[in-house]
Structures are given as C-alpha cells and as structure tokens.
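K.L.:
A single structure is presented below for examination.
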Amino acid sequence: MMDLVFFGIQGSGKGTQARKLAQEFGYSIFEAGGELRAIAASGSKLGETVQSYIDVGKLVPHKIIMQVVKEAIGKRQESQKILFDGIPRDRDQQRDFQAIMKKEGRDFRCVHILLQEEDALQRILKRARDQGRTDDANEAIVRKRMATFHEKTEPVIKQYKAEGRMIEIAGEGTVDTLYEKLKEALGLA
C-alpha cells in the first residue's frame, strides 16, 4: 500500500470514502483543515502563527500550509500510510507537496471521485438540511467553492492524470456502492 491523495468536487463524497478506507485499511488521514486546527490548538510556535490567521478569518498562507504538511508527515511513522484529503489544492501546493514527499521517500497514487456539479450541489444542500450545516446551506458560497475547485485544483488533477498517477471513479450511487468501486480500483477488494 502506498499513500493516497484524494480529489473531488465538494459533495463528491471523498471525505466519507476517506474515513471508510482509513477505518478498514489503517490509513492515517491528513485533512488540511483538521490538521491546521490541530496545530493551532497545540500551542507550538507554528500553532500560534496558524491561529493568528484563523482568528481573523484569513486563509493560511501557502508556505505555512506546506510546513504543516511536512510536520504532519514527520510525526507519522514511515510505515504509516497517509491519505491526503484537500491537498494539494493548486499548482504551487502540488510542486511543494511533491518535493516534500520525495524528500521523505513517500510514493503516492491519486484518486479523483467524479461527480457532476449539479449532483454534488444537490448532495451538499441535502446534507445542509439534514445535518443543519449552515456553511453548506448557502448555494452561492458552495458554487464559489466549486468554481475555485475548477480553476485551481483541476489543473493539478490533469497533471497527475498525465503522469499516470490518477485513478478515476464515478461518484454516483450510494456510499457503499462507491466504496466497493473505490476498493476495487485500488486493488483492495
């Protein structure tokens, strides 16, 4: 097993699938937002810096995010396989992510869960209604996030696809159906 990098438009189900894989196969999940919050709470020098951005609602700068990635990889044992969710988000992160992975001697494959934007939007709005998630209830905000995904993250996906690192999976269907397709595509079924 090698490390995995998950891609998918918001609502594609990648977070749910990542948790299922981690549970069954022992992956450690690196979820950018969660790692940033954990480091912010750690009280370390880096944590204080991250917290200062979170406090004022600003995006954490690229350099700091990559430092967080490096620390997170360094904290895990070499034998611990990592599933990256939400990184790299753009070409700059991709360049630095690859440099870190190479330096750490870690190889990875990418998974792109494909879902049409309208289907993803309906899933997100349903989730917002069912779970009371106000950040997902605003269609304009969700569409803005999706536009950022198309603009910034799709070039990263195209690059990994050209390198032969990408596995694509259709994201329609139930959580369990998608999980079976994912395991099969990864050779874990």
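Ordered as shown in the structure tokens, chains take letters A, B, and onward, while each chain numbers its residues from 1 and ligands are numbered from 1 in the order shown.
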Neighbours of region 33-50 of chain A within 10 Å (only C-alpha atoms; same-chain residues fewer than 5 positions away dropped), as JSON, numbers by chain?
P.N.:
{"A": [55, 58, 59, 60, 61, 64, 65, 67, 68, 69, 71, 72, 85, 86, 87]}
K.L.:
Run DSSP on the backbone and tell me which residues of region 7-184 of chain A come out as helix (DSSP H, G or I); list them as a VMD selection string.
P.N.:
chain A and resid 14 to 25 32 to 42 45 to 55 62 to 75 91 to 103 117 to 131 134 to 136 139 to 162 175 to 184
K.L.:
Which one is closest to Gln77 (chain A): A:Thr153, A:Leu121, A:Arg106, A:Gln23? Count only C-alpha atoms.
P.N.:
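The closest residue to Gln77 (chain A) is A:Arg106.
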K.L.:
Give me, please, the distance in Å between CA of Glu117 (chain A) and CA of Ile157 (chain A), quoted to one decimal.
P.N.:
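Computing it gives 16.2 Å between the two atoms.
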K.L.:
Hey, what's within 12 Å of Arg19 (chain A) if we count only C-alpha atoms and toss same-chain stuff fewer than 3 positions away? As a short mmCIF file (atom, residue, chain, number, x, y, z; two decimals) with N, CA and C atoms, in the first residue's frame, please?
P.N.:
```
data_model
loop_
_atom_site.label_atom_id
_atom_site.label_comp_id
_atom_site.auth_asym_id
_atom_site.auth_seq_id
_atom_site.Cartn_x
_atom_site.Cartn_y
_atom_site.Cartn_z
N PHE A 6 -6.59 12.23 -2.31
CA PHE A 6 -7.98 12.24 -2.78
C PHE A 6 -8.36 13.59 -3.37
N GLY A 13 -18.21 13.13 -1.98
CA GLY A 13 -18.18 12.02 -1.04
C GLY A 13 -16.78 11.60 -0.66
N LYS A 14 -15.76 12.39 -1.03
CA LYS A 14 -14.38 11.96 -0.78
C LYS A 14 -14.06 11.87 0.71
N GLY A 15 -14.59 12.76 1.52
CA GLY A 15 -14.34 12.71 2.96
C GLY A 15 -14.89 11.43 3.58
N THR A 16 -16.11 11.08 3.20
CA THR A 16 -16.75 9.86 3.71
C THR A 16 -15.97 8.63 3.26
N ALA A 22 -9.74 4.55 5.71
CA ALA A 22 -8.85 4.67 6.88
C ALA A 22 -9.24 3.64 7.93
N GLN A 23 -10.53 3.51 8.16
CA GLN A 23 -11.02 2.57 9.17
C GLN A 23 -10.69 1.13 8.81
N GLU A 24 -10.93 0.77 7.56
CA GLU A 24 -10.73 -0.63 7.16
C GLU A 24 -9.26 -0.98 6.92
N PHE A 25 -8.47 -0.03 6.39
CA PHE A 25 -7.11 -0.37 5.98
C PHE A 25 -6.02 0.36 6.76
N GLY A 26 -6.42 1.11 7.79
CA GLY A 26 -5.42 1.71 8.68
C GLY A 26 -4.70 2.93 8.16
N TYR A 27 -5.29 3.60 7.17
CA TYR A 27 -4.68 4.86 6.71
C TYR A 27 -4.83 5.93 7.79
N SER A 28 -3.85 6.80 7.86
CA SER A 28 -3.94 7.98 8.71
C SER A 28 -4.39 9.11 7.79
N ILE A 29 -5.47 9.80 8.15
CA ILE A 29 -5.99 10.84 7.26
C ILE A 29 -5.31 12.18 7.56
N PHE A 30 -4.81 12.80 6.51
CA PHE A 30 -4.35 14.18 6.59
C PHE A 30 -5.42 15.00 5.88
N GLU A 31 -6.21 15.70 6.67
CA GLU A 31 -7.24 16.58 6.12
C GLU A 31 -6.78 17.98 6.45
N ILE A 82 -0.55 7.28 4.60
CA ILE A 82 -1.34 8.50 4.79
C ILE A 82 -2.29 8.69 3.62
N LEU A 83 -3.49 9.15 3.94
CA LEU A 83 -4.47 9.52 2.92
C LEU A 83 -4.63 11.03 3.02
N PHE A 84 -4.21 11.73 1.98
CA PHE A 84 -4.28 13.19 1.94
C PHE A 84 -5.61 13.62 1.33
N ASP A 85 -6.34 14.45 2.06
CA ASP A 85 -7.63 14.94 1.59
C ASP A 85 -7.59 16.47 1.65
N VAL A 175 -23.18 5.39 -0.79
CA VAL A 175 -21.87 5.41 -0.14
C VAL A 175 -21.21 4.04 -0.27
N TYR A 179 -17.88 2.92 -2.31
CA TYR A 179 -16.77 2.34 -1.55
C TYR A 179 -16.27 1.05 -2.19
#
```
K.L.:
How many Å lie between CA of Met146 (chain A) and CA of Gln10 (chain A), rounded to one decimal?
P.N.:
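Those two atoms sit 6.6 Å apart.
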K.L.:
Hey, which of A:Ile169, A:Leu4, A:Val142, A:Ile100 ends up closest to Ile124 (chain A)? Count only C-alpha atoms.
P.N.:
A:Val142
K.L.:
Report the distance between CA of Lys75 (chain A) and CA of Glu154 (chain A) in Å, rounded to one decimal place.
P.N.:
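Taking CA of Lys75 (chain A) as the start and CA of Glu154 (chain A) as the end point, the length is 29.4 Å.
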K.L.:
Using only C-alpha atoms, find the one residue out of A:Ile9, A:Ile54, A:Ile167, A:Ala185 that sits nearest to Val111 (chain A).
P.N.:
A:Ile167
K.L.:
Going by DSSP on the backbone, which residues of region 3-142 of chain A come out as strand (DSSP E)? List them as a list in words.
P.N.:
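Everything in region 3-142 of chain A that counts as strand (DSSP E) is Asp3, Leu4, Val5, Phe6, Phe7, Gly8, Ser28, Ile29, Phe30, Glu31, Ile82, Leu83, Phe84, Asp85, Phe108, Arg109, Cys110, Val111, His112, Ile113 and Leu114 of chain A.
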